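Raw protein.txt, compact mmCIF, C-alpha atoms and all ligand atoms:
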```txt
# COMPACT_ATOMS: atom_id res chain seq x y z
CA MET A 1 -13.83 23.51 20.90
CA ILE A 2 -14.85 20.69 18.53
CA LYS A 3 -15.67 17.15 19.66
CA THR A 4 -14.15 14.30 17.68
CA ASN A 5 -13.15 10.63 18.03
CA ARG A 6 -9.75 9.14 17.33
CA ILE A 7 -7.89 5.83 17.42
CA ARG A 8 -5.34 5.38 20.17
CA MET A 9 -3.36 2.30 21.10
CA LYS A 10 -3.90 1.08 24.67
CA ALA A 11 -0.38 -0.24 25.29
CA LYS A 12 2.64 -1.26 23.25
CA PRO A 13 1.77 -4.70 21.85
CA ALA A 14 3.75 -7.46 23.59
CA GLY A 15 3.62 -9.72 20.51
CA ASN A 16 1.66 -9.59 17.27
CA LEU A 17 -0.87 -6.78 16.88
CA SER A 18 -4.40 -7.65 17.99
CA ARG A 19 -7.74 -5.87 17.78
CA ASP A 20 -7.62 -5.32 21.57
CA ASP A 21 -4.53 -3.10 21.20
CA PHE A 22 -6.68 -0.28 19.79
CA SER A 23 -9.39 1.91 21.31
CA VAL A 24 -11.61 4.75 20.10
CA GLU A 25 -11.30 7.79 22.36
CA ALA A 26 -13.43 10.94 22.43
CA ILE A 27 -11.40 14.18 22.44
CA THR A 28 -11.92 17.88 21.87
CA ILE A 29 -9.86 19.96 19.47
CA PRO A 30 -9.61 23.74 19.10
CA ALA A 31 -11.19 25.59 16.17
CA PRO A 32 -8.76 26.40 13.34
CA ALA A 33 -6.50 29.43 13.80
CA SER A 34 -5.04 31.54 10.99
CA GLY A 35 -3.26 29.33 8.44
CA GLU A 36 -5.13 26.24 9.63
CA VAL A 37 -7.94 24.15 8.19
CA LEU A 38 -10.59 21.95 9.82
CA ILE A 39 -10.94 18.76 7.80
CA ALA A 40 -13.29 15.78 7.96
CA ALA A 41 -11.56 12.54 7.00
CA ARG A 42 -13.27 10.52 4.26
CA TYR A 43 -10.66 7.76 3.66
CA PHE A 44 -7.67 6.49 5.64
CA SER A 45 -5.08 4.35 3.89
CA LEU A 46 -4.47 1.03 5.69
CA ASP A 47 -0.81 0.42 4.88
CA PRO A 48 1.45 -2.48 5.91
CA TYR A 49 4.30 -0.06 6.82
CA LEU A 50 2.25 1.24 9.76
CA THR A 51 2.74 -2.13 11.52
CA GLY A 52 6.23 -1.19 12.71
CA PHE A 53 5.05 2.19 14.07
CA MET A 54 2.15 0.48 15.87
CA ARG A 55 4.39 -2.13 17.46
CA GLY A 56 7.09 0.33 18.57
CA TRP A 57 5.03 3.51 19.12
CA GLN A 58 7.63 5.22 17.01
CA GLY A 59 7.13 6.99 13.71
CA PRO A 60 7.80 10.22 11.85
CA ASP A 61 4.91 12.01 13.62
CA PRO A 62 5.64 12.71 17.33
CA ARG A 63 2.11 11.57 18.26
CA TRP A 64 3.24 7.97 17.72
CA ALA A 65 5.14 8.23 21.05
CA GLU A 66 1.72 8.49 22.75
CA GLY A 67 0.25 5.56 20.84
CA ILE A 68 -1.78 7.79 18.52
CA VAL A 69 -2.12 6.26 15.07
CA VAL A 70 -1.20 8.62 12.23
CA GLY A 71 -1.63 7.77 8.56
CA ARG A 72 -2.40 9.04 5.09
CA PHE A 73 -5.89 10.41 4.46
CA VAL A 74 -8.16 11.93 1.87
CA ALA A 75 -10.51 14.45 3.49
CA GLN A 76 -12.88 17.33 2.84
CA VAL A 77 -12.42 20.83 4.14
CA ILE A 78 -15.09 21.87 6.67
CA GLU A 79 -13.72 25.27 7.68
CA SER A 80 -10.69 27.14 6.40
CA GLN A 81 -8.60 29.94 7.86
CA ASP A 82 -6.30 29.87 4.83
CA GLN A 83 -7.10 31.43 1.46
CA ARG A 84 -5.80 28.40 -0.47
CA PHE A 85 -8.66 26.19 0.75
CA ALA A 86 -12.45 26.52 0.91
CA PRO A 87 -15.18 24.38 2.51
CA GLY A 88 -15.95 21.35 0.34
CA ASP A 89 -12.45 21.10 -1.17
CA TRP A 90 -10.98 17.60 -1.32
CA VAL A 91 -7.47 17.35 0.14
CA GLN A 92 -4.87 14.77 1.09
CA GLY A 93 -2.28 14.67 3.82
CA GLU A 94 -1.16 12.79 6.90
CA GLY A 95 -3.00 12.93 10.18
CA GLY A 96 -4.42 11.09 13.16
CA TRP A 97 -6.97 8.37 12.53
CA GLN A 98 -9.84 10.61 13.69
CA ASP A 99 -13.14 11.98 12.38
CA THR A 100 -12.07 15.60 12.21
CA GLU A 101 -8.73 17.33 12.66
CA VAL A 102 -7.29 20.83 12.59
CA ILE A 103 -4.22 20.85 10.42
CA SER A 104 -1.79 23.39 9.03
CA ALA A 105 -2.78 24.35 5.47
CA ASP A 106 0.88 23.96 4.46
CA LYS A 107 0.58 20.21 5.07
CA LEU A 108 -2.42 19.72 2.79
CA GLN A 109 -2.55 19.12 -0.94
CA LYS A 110 -5.69 19.98 -2.91
CA LEU A 111 -7.06 17.19 -5.11
CA GLU A 112 -8.51 17.57 -8.58
CA PRO A 113 -11.65 15.52 -9.31
CA ILE A 114 -11.31 12.89 -12.05
CA PRO A 115 -14.72 12.30 -13.70
CA GLY A 116 -16.17 8.91 -12.75
CA VAL A 117 -13.32 8.08 -10.36
CA PRO A 118 -13.68 8.22 -6.53
CA PHE A 119 -11.26 10.46 -4.60
CA SER A 120 -9.90 7.31 -2.89
CA VAL A 121 -7.83 6.84 -6.07
CA TYR A 122 -5.40 9.38 -4.58
CA LEU A 123 -4.58 6.85 -1.83
CA SER A 124 -4.29 3.89 -4.18
CA VAL A 125 -3.27 4.13 -7.82
CA LEU A 126 -2.37 7.82 -7.60
CA GLY A 127 -0.92 7.50 -4.10
CA SER A 128 2.10 5.72 -2.72
CA SER A 129 0.87 2.24 -3.78
CA GLY A 130 0.71 3.21 -7.45
CA LEU A 131 3.97 5.14 -7.33
CA THR A 132 5.68 2.18 -5.63
CA ALA A 133 4.39 -0.19 -8.30
CA TRP A 134 5.54 2.17 -11.05
CA ALA A 135 8.98 2.65 -9.43
CA GLY A 136 9.57 -1.10 -9.08
CA VAL A 137 8.48 -1.93 -12.62
CA ASN A 138 10.04 1.01 -14.47
CA GLY A 139 12.77 2.32 -12.17
CA VAL A 140 14.19 -0.92 -10.74
CA LEU A 141 13.26 -3.74 -13.11
CA LYS A 142 13.01 -1.66 -16.30
CA VAL A 143 10.46 -4.15 -17.63
CA GLU A 144 10.30 -4.51 -21.41
CA ALA A 145 8.01 -6.25 -23.88
CA GLY A 146 8.92 -9.94 -23.93
CA ASP A 147 9.91 -10.12 -20.24
CA THR A 148 8.52 -12.99 -18.18
CA PHE A 149 7.37 -11.01 -15.16
CA THR A 150 6.18 -12.39 -11.83
CA VAL A 151 4.84 -10.56 -8.78
CA SER A 152 3.91 -11.76 -5.28
CA SER A 153 0.84 -10.48 -3.41
CA ALA A 154 -0.60 -10.00 -6.89
CA ALA A 155 -4.11 -9.38 -5.54
CA GLY A 156 -2.76 -6.65 -3.26
CA MET A 157 -2.65 -3.02 -4.26
CA VAL A 158 1.03 -2.64 -5.12
CA GLY A 159 1.28 -6.10 -6.71
CA GLY A 160 -1.94 -5.69 -8.69
CA ILE A 161 -0.85 -2.35 -10.15
CA ALA A 162 2.70 -3.59 -10.83
CA GLY A 163 1.30 -6.49 -12.87
CA GLN A 164 -1.07 -4.24 -14.82
CA ILE A 165 1.77 -1.82 -15.68
CA ALA A 166 3.99 -4.73 -16.79
CA LYS A 167 1.16 -6.14 -18.89
CA LYS A 168 0.66 -2.79 -20.61
CA ILE A 169 4.41 -2.73 -21.41
CA GLY A 170 4.05 -6.11 -23.09
CA ALA A 171 5.46 -8.61 -20.59
CA ARG A 172 4.01 -12.04 -19.87
CA VAL A 173 2.62 -11.44 -16.39
CA VAL A 174 2.15 -14.13 -13.74
CA GLY A 175 0.83 -13.35 -10.27
CA ILE A 176 1.32 -15.20 -7.00
CA ALA A 177 -1.63 -14.88 -4.62
CA GLY A 178 -3.30 -16.70 -1.74
CA GLY A 179 -6.16 -18.93 -2.86
CA ALA A 180 -8.18 -19.81 -5.94
CA GLU A 181 -10.57 -16.88 -5.51
CA LYS A 182 -7.78 -14.30 -5.42
CA CYS A 183 -6.06 -15.95 -8.38
CA ALA A 184 -9.30 -15.84 -10.39
CA HIS A 185 -9.55 -12.12 -9.55
CA VAL A 186 -5.94 -11.52 -10.64
CA VAL A 187 -6.53 -13.16 -14.04
CA ASN A 188 -10.16 -12.24 -14.75
CA THR A 189 -10.34 -8.72 -13.29
CA LEU A 190 -6.76 -7.48 -13.41
CA GLY A 191 -5.95 -9.15 -16.73
CA PHE A 192 -2.79 -11.08 -15.76
CA ASP A 193 -1.85 -13.98 -18.05
CA ALA A 194 -1.79 -16.48 -15.18
CA CYS A 195 -1.72 -16.73 -11.40
CA VAL A 196 -0.47 -19.39 -8.97
CA ASP A 197 -1.70 -20.03 -5.44
CA HIS A 198 1.09 -19.76 -2.84
CA HIS A 199 -0.72 -22.34 -0.66
CA SER A 200 0.16 -24.99 -3.29
CA GLN A 201 2.32 -27.95 -2.20
CA ASP A 202 4.43 -27.36 -5.31
CA LEU A 203 4.63 -23.60 -5.83
CA GLN A 204 7.95 -23.97 -7.65
CA GLY A 205 6.44 -26.39 -10.18
CA ASP A 206 3.24 -24.39 -10.58
CA LEU A 207 5.27 -21.25 -11.22
CA ALA A 208 7.39 -23.00 -13.87
CA THR A 209 4.23 -24.13 -15.68
CA ALA A 210 2.45 -20.78 -15.42
CA ALA A 211 5.50 -18.74 -16.46
CA GLY A 212 6.24 -21.05 -19.40
CA ALA A 213 9.82 -19.70 -19.52
CA PRO A 214 12.50 -18.70 -17.01
CA ILE A 215 11.52 -15.60 -15.05
CA THR A 216 13.40 -12.53 -16.26
CA ALA A 217 11.87 -9.91 -13.92
CA HIS A 218 10.33 -10.46 -10.48
CA TYR A 219 8.62 -8.02 -8.11
CA GLU A 220 8.74 -9.24 -4.48
CA ASN A 221 6.25 -8.02 -1.87
CA VAL A 222 6.00 -10.92 0.57
CA GLY A 223 9.20 -12.71 1.62
CA ALA A 224 11.09 -16.01 1.53
CA LYS A 225 7.98 -18.12 0.94
CA THR A 226 7.39 -16.58 -2.49
CA LEU A 227 10.94 -15.50 -3.32
CA ASP A 228 12.44 -19.01 -2.99
CA PRO A 229 10.27 -20.64 -5.71
CA VAL A 230 10.91 -17.64 -7.95
CA LEU A 231 14.69 -17.98 -7.49
CA ALA A 232 14.35 -21.66 -8.42
CA ASN A 233 12.79 -20.52 -11.74
CA ILE A 234 14.88 -17.43 -12.42
CA ALA A 235 16.53 -16.76 -15.79
CA ASP A 236 20.23 -16.07 -16.26
CA ARG A 237 20.82 -12.42 -15.33
CA GLY A 238 17.26 -12.20 -13.99
CA ARG A 239 16.27 -9.01 -12.14
CA ILE A 240 14.44 -8.86 -8.82
CA ALA A 241 12.91 -5.78 -7.22
CA LEU A 242 12.58 -6.25 -3.45
CA CYS A 243 9.69 -3.97 -2.57
CA GLY A 244 8.37 -5.47 0.66
CA LEU A 245 8.51 -8.36 3.11
CA ILE A 246 4.98 -8.36 4.46
CA ALA A 247 5.15 -11.98 5.68
CA HIS A 248 7.95 -10.96 8.03
CA TYR A 249 6.66 -7.70 9.52
CA GLN A 250 5.06 -9.48 12.49
CA ASP A 251 7.81 -12.09 12.71
CA MET A 252 11.22 -10.96 13.93
CA ASN A 253 12.97 -14.31 13.26
CA PRO A 254 15.86 -14.25 10.75
CA ILE A 255 14.74 -14.66 7.13
CA ALA A 256 16.24 -17.77 5.50
CA LEU A 257 16.37 -18.32 1.73
CA LYS A 258 16.82 -21.92 0.55
CA GLU A 259 17.66 -20.78 -2.98
CA PHE A 260 20.09 -18.01 -2.01
CA ARG A 261 22.90 -19.54 -4.15
CA ARG A 262 20.81 -18.93 -7.30
CA LEU A 263 21.69 -15.25 -6.99
CA LEU A 264 25.28 -16.24 -7.71
CA ILE A 265 24.76 -19.12 -10.14
CA SER A 266 22.37 -17.17 -12.38
CA GLY A 267 24.06 -13.79 -12.00
CA VAL A 268 20.84 -12.30 -10.63
CA THR A 269 20.48 -8.65 -9.70
CA LEU A 270 18.38 -8.12 -6.58
CA ARG A 271 17.68 -4.55 -5.60
CA GLY A 272 15.78 -3.43 -2.56
CA PHE A 273 14.18 -0.03 -3.00
CA ARG A 274 12.18 2.55 -1.10
CA LEU A 275 9.68 4.83 -2.74
CA PRO A 276 11.51 8.08 -1.83
CA ASP A 277 14.49 6.80 -3.89
CA PHE A 278 12.38 7.63 -6.94
CA ALA A 279 11.07 11.06 -5.90
CA ALA A 280 12.55 12.62 -9.05
CA ASP A 281 10.22 10.42 -11.15
CA PHE A 282 6.97 11.12 -9.28
CA GLU A 283 5.66 13.67 -11.76
CA GLN A 284 6.13 11.37 -14.75
CA ALA A 285 4.85 8.36 -12.80
CA SER A 286 1.72 10.22 -11.63
CA ALA A 287 0.92 11.38 -15.15
CA GLU A 288 1.31 7.87 -16.57
CA LEU A 289 -0.74 6.30 -13.77
CA LYS A 290 -3.51 8.87 -14.17
CA ALA A 291 -3.66 8.19 -17.91
CA MET A 292 -3.91 4.44 -17.20
CA VAL A 293 -6.77 5.00 -14.73
CA ILE A 294 -8.68 7.15 -17.23
CA SER A 295 -8.09 4.73 -20.12
CA GLY A 296 -9.10 1.73 -17.98
CA ASP A 297 -5.68 0.04 -18.31
CA ILE A 298 -5.57 -0.01 -14.50
CA THR A 299 -8.58 -1.42 -12.68
CA LEU A 300 -9.34 0.18 -9.31
CA GLN A 301 -9.59 -2.48 -6.65
CA GLU A 302 -10.54 -1.54 -3.11
CA THR A 303 -11.50 -3.31 0.11
CA LEU A 304 -13.55 -0.81 2.12
CA SER A 305 -14.29 -0.88 5.86
CA HIS A 306 -16.60 1.68 7.40
CA GLY A 307 -16.31 3.74 10.59
CA LEU A 308 -13.51 4.40 13.09
CA GLU A 309 -14.71 1.53 15.30
CA SER A 310 -13.81 -0.94 12.53
CA ALA A 311 -10.29 0.52 12.03
CA ALA A 312 -8.37 -2.09 14.07
CA GLY A 313 -10.20 -5.03 12.50
CA ALA A 314 -9.78 -3.56 9.03
CA PHE A 315 -6.05 -3.07 9.53
CA LEU A 316 -5.54 -6.63 10.77
CA ASN A 317 -7.70 -8.02 7.96
CA MET A 318 -5.34 -6.29 5.53
CA LEU A 319 -2.29 -7.88 7.21
CA GLU A 320 -4.04 -11.27 7.28
CA GLY A 321 -4.77 -11.15 3.56
CA LYS A 322 -8.56 -10.78 3.77
CA GLY A 323 -9.70 -8.75 0.76
CA THR A 324 -8.03 -7.50 -2.40
CA GLY A 325 -6.44 -4.31 -3.65
CA LYS A 326 -6.24 -1.16 -1.58
CA HIS A 327 -7.54 -1.46 1.97
CA LEU A 328 -9.27 1.74 3.04
CA LEU A 329 -11.16 2.92 6.09
CA VAL A 330 -14.13 5.00 4.99
CA LEU A 331 -15.66 7.69 7.21
CA GLU A 332 -19.06 8.76 5.94
CA GLU A 333 -20.22 12.35 5.78
CA LYS A 334 -22.35 13.05 8.89
N1 LIG A 401 9.47 -0.23 -0.81
C1 LIG A 401 8.56 0.72 -0.59
O1 LIG A 401 8.84 1.93 -0.60
C2 LIG A 401 7.15 0.30 -0.33
C3 LIG A 401 6.10 1.23 -0.39
C4 LIG A 401 4.78 0.77 -0.21
C5 LIG A 401 4.55 -0.58 0.06
N2 LIG A 401 5.62 -1.43 0.14
C6 LIG A 401 5.42 -2.87 0.38
O2 LIG A 401 4.70 -3.38 -0.71
C7 LIG A 401 4.06 -4.58 -0.30
C8 LIG A 401 2.62 -4.55 -0.78
O3 LIG A 401 1.93 -3.49 -0.12
P1 LIG A 401 0.35 -3.33 -0.23
O4 LIG A 401 0.00 -2.10 0.50
O5 LIG A 401 -0.09 -3.50 -1.64
O6 LIG A 401 -0.15 -4.56 0.63
P2 LIG A 401 -0.86 -5.88 0.18
O7 LIG A 401 -0.11 -6.52 -0.92
O8 LIG A 401 -2.31 -5.65 -0.05
O9 LIG A 401 -0.66 -6.72 1.52
C9 LIG A 401 -1.57 -7.63 2.00
C10 LIG A 401 -1.34 -8.95 1.29
O10 LIG A 401 -0.08 -9.51 1.63
C11 LIG A 401 -0.13 -10.89 1.44
N3 LIG A 401 0.45 -11.58 2.59
C12 LIG A 401 0.43 -11.18 3.88
N4 LIG A 401 1.06 -12.09 4.66
C13 LIG A 401 1.48 -13.07 3.85
C14 LIG A 401 2.17 -14.28 4.05
N5 LIG A 401 2.57 -14.66 5.26
N6 LIG A 401 2.44 -15.05 2.98
C15 LIG A 401 2.03 -14.67 1.76
N7 LIG A 401 1.36 -13.54 1.49
C16 LIG A 401 1.09 -12.75 2.53
C17 LIG A 401 -1.61 -11.28 1.38
O11 LIG A 401 -1.91 -11.63 0.04
P3 LIG A 401 -2.43 -13.10 -0.33
O12 LIG A 401 -3.74 -13.29 0.37
O13 LIG A 401 -2.51 -13.09 -1.78
O14 LIG A 401 -1.43 -14.04 0.23
C18 LIG A 401 -2.31 -9.99 1.73
O15 LIG A 401 -3.55 -9.85 1.08
C19 LIG A 401 4.21 -4.66 1.21
O16 LIG A 401 5.25 -5.54 1.53
C20 LIG A 401 4.59 -3.24 1.59
O17 LIG A 401 5.31 -3.16 2.79
C21 LIG A 401 6.89 -1.01 -0.05
```
Take the structure I supplied and represent it as C-alpha cells, if you would.
Ligand SMILES: NC(=O)c1ccc[n+]([C@@H]2O[C@H](COP(=O)([O-])OP(=O)(O)OC[C@H]3O[C@@H](n4cnc5c(N)ncnc54)[C@H](OP(=O)(O)O)[C@@H]3O)[C@@H](O)[C@H]2O)c1
Amino acid sequence: MIKTNRIRMKAKPAGNLSRDDFSVEAITIPAPASGEVLIAARYFSLDPYLTGFMRGWQGPDPRWAEGIVVGRFVAQVIESQDQRFAPGDWVQGEGGWQDTEVISADKLQKLEPIPGVPFSVYLSVLGSSGLTAWAGVNGVLKVEAGDTFTVSSAAGMVGGIAGQIAKKIGARVVGIAGGAEKCAHVVNTLGFDACVDHHSQDLQGDLATAAGAPITAHYENVGAKTLDPVLANIADRGRIALCGLIAHYQDMNPIALKEFRRLLISGVTLRGFRLPDFAADFEQASAELKAMVISGDITLQETLSHGLESAAGAFLNMLEGKGTGKHLLVLEEK
C-alpha cells in the first residue's frame, strides 16, 4: 500500500465556498495492477467550472458524491504496469487532488516536451483554456482583421488567450479587467491595444473611448456587469460569444441585463457555447495554439500556488480575481 494525501470537502457548502470547506486527508492506495500506472501529480488546473461540483458534490466522476475533489492534472509516471508508459513520462488526465494516484493507463495521455516551455502549458494554452479561447474566437465569432474585438476577464487565462489570438488575426483588441495593475498587464505583457477597468464608474464610456468604434465582436466570460456596457457599445449585427458567467457562479439570483433590448435593435447574434461543441476542431486548434506558443505570439501567464495544503486558498483566490492567467496548484517532486 502507498501513503498519500488528498483534498476532501468536509460538508456540502451552505452558501459560498470558503477555505474551511476543504481538508487534507491522509489515505493509503494500492500499488498499480496490470494496466495501471502510479502517477505523481505536478500541476492541478484550478478551473472555475469546478465551483458547481464543489457546491453540489456532483460531477462526472463518482468520487464527487463523497466530496472528493477531482480535476485535470499534469503528472509524472512513478511506476507503470502498462507498456505504453515508463517511469519519468509526463502525462495528463483527470484525477483526485492528491499527491499520488493509481490510474488506468487508458485514461492517461502522454505529453511531448516543448523545448523551453513548462509542461503546465498542457493545462493552459494547450489545454481546455486555450481550446476554449480558440473556439470562441474562430468557431463562434469568426474574428477577422478589422474587427473591433472586446473580451471580459482579459487578464484571465481564457480571456488573455482569446485577445492574443484576435490580435494575431488583425483585430483591434480591447480587454476588460479588474484594476489598473491587471489592465497594465493586459496591454504591456499580452499586447492588447487597450484595456478598461470594470471598477470604473463609467465603464460604458471608457469602453467607447478605448474601442474607438462600435464593437463588432465580443467574448464574454464574466456576466451582466461587463456584458451590459458592451451591449451599449455594440455595432449593428455585432457578434457575441457567451463563454462563461463567472460573476454568477456563486450567486444563484436571476441575471438581469439592462441593455437586453440592444440584441433586437442592433440585430446582434449572441451564441453561448461549450468547448465540446468544437471537438471536431481540436486537432487544428491545438496545432495553431502550439505554433503560437513556440513563436511567442501567445505569452504564457500563470499564477502558481504550491502544495496541497494551499489548494483551497488557491482555488478561492482564482474565483476572487487574485492573480492573472492560468491558476495552477503545483506539487513539487519529493
Ligand atoms: N464555455 C466553455 O466551454 C468554457 C470552458 C472553459 C472556461 N469557461 C469559462 O471561461 C471563463 C474564463 O475562465 P478562466 O479559467 O480563464 O478563468 P478566469 O478568467 O481566470 O477567472 C477568474 C477571473 O474572473 C474575473 N471575475 C471573477 N468574478 C468577477 C466579477 N464578479 N466581476 C468581474 N470579473 C470577475 C476576475 O478577473 P478580474 O480581476 O479582471 O475582474 C478573475 O481574475 C469562465 O467564465 C469559465 O467558466 C467556459
At most 8 Å from ligand LIG 401 (chain A) (all atoms listed in the file): residue list as a PyMOL selection string: chain A and resi 46-49+128-129+132+152-160+176-179+182+197-198+220-223+225-226+242-248+272-276+318-327
Selection: 12 Å around A:Ala285, all atoms listed in the file, excl. self and same-chain fewer than 5 positions, as a list in words: Val125, Leu126, Gly127, Ser128, Ser129, Gly130, Leu131, Thr132, Ala133, Trp134, Ala135, Gly136, Val137, Asn138, Gly139, Ile165, Leu275, Phe278, Ala279, Ala280, Lys290, Ala291 and Met292 of chain A
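You will find atom CA of A:Glu36 at 15.1 Å from atom CA of A:Trp90.
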Stretch 64-74 of chain A environment, 6 Å, all atoms listed in the file, sequence neighbours closer than 6 positions dropped, as an MDAnalysis selection string: chainID A and resid 8:9 42:45 57:58 91:97
Since we have the selection now, will you write its residues out, keeping C-alpha atoms, as a PDB file, keeping the file's coordinate frame?
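Result written to result.pdb:
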```
ATOM      1  CA  ARG A   8      -5.340   5.380  20.170  1.00  0.00           C
ATOM      2  CA  MET A   9      -3.360   2.300  21.100  1.00  0.00           C
ATOM      3  CA  ARG A  42     -13.270  10.520   4.260  1.00  0.00           C
ATOM      4  CA  TYR A  43     -10.660   7.760   3.660  1.00  0.00           C
ATOM      5  CA  PHE A  44      -7.670   6.490   5.640  1.00  0.00           C
ATOM      6  CA  SER A  45      -5.080   4.350   3.890  1.00  0.00           C
ATOM      7  CA  TRP A  57       5.030   3.510  19.120  1.00  0.00           C
ATOM      8  CA  GLN A  58       7.630   5.220  17.010  1.00  0.00           C
ATOM      9  CA  VAL A  91      -7.470  17.350   0.140  1.00  0.00           C
ATOM     10  CA  GLN A  92      -4.870  14.770   1.090  1.00  0.00           C
ATOM     11  CA  GLY A  93      -2.280  14.670   3.820  1.00  0.00           C
ATOM     12  CA  GLU A  94      -1.160  12.790   6.900  1.00  0.00           C
ATOM     13  CA  GLY A  95      -3.000  12.930  10.180  1.00  0.00           C
ATOM     14  CA  GLY A  96      -4.420  11.090  13.160  1.00  0.00           C
ATOM     15  CA  TRP A  97      -6.970   8.370  12.530  1.00  0.00           C
TER      16      TRP A  97
END
```
Among the residues A:Ala171, A:Leu289, A:Ala105, A:Ala75, the one that comes closest to A:Phe119 [using only C-alpha atoms]: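 Under the stated criterion, the closest residue is A:Ala75.
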Distance in Å - atom CA of A:Phe149 versus atom CA of A:Ala217: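 So the answer is 4.8 Å.
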Residue with smallest distance to A:Cys195 - pool A:Val174, A:Ala256, A:Ile215, A:Ala208, counting all atoms listed in the file: A:Val174
Protein, DNA and RNA residues within 12 Å of (21.1, -12.8, -16.7), all atoms listed in the file, as a list of chain:residue names: A:Pro214, A:Ile215, A:Thr216, A:Ala217, A:Ile234, A:Ala235, A:Asp236, A:Arg237, A:Gly238, A:Arg239, A:Ile240, A:Arg262, A:Leu263, A:Leu264, A:Ile265, A:Ser266, A:Gly267, A:Val268, A:Thr269, A:Leu270
Exercise: A:Lys3 partners within 10 Å, only C-alpha atoms, chain neighbours under 3 positions left out, as a ChimeraX atom specification: /A:26-30,99-101
Go ahead and write the selection's residues with C-alpha atoms as a compact mmCIF listing (two decimals), in the coordinates of the input.
```
# COMPACT_ATOMS: atom_id res chain seq x y z
CA ALA A 26 -13.43 10.94 22.43
CA ILE A 27 -11.40 14.18 22.44
CA THR A 28 -11.92 17.88 21.87
CA ILE A 29 -9.86 19.96 19.47
CA PRO A 30 -9.61 23.74 19.10
CA ASP A 99 -13.14 11.98 12.38
CA THR A 100 -12.07 15.60 12.21
CA GLU A 101 -8.73 17.33 12.66
```
Residues within 7 Å of A:Ile169, all atoms listed in the file, excluding chain neighbours under 3 positions, as a ChimeraX atom specification: /A:144-145,165-166
Among the residues A:Gln76, A:Gln301, A:Ser124, A:Thr4, the one that comes closest to A:Lys110 [using all atoms listed in the file]: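 For A:Lys110, the nearest of the given residues is A:Gln76.
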Nearest candidate to A:Thr303 (options A:Cys183, A:Val330, A:Val196, A:Val140; using only C-alpha atoms):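 For A:Thr303, the nearest of the candidates is A:Val330.
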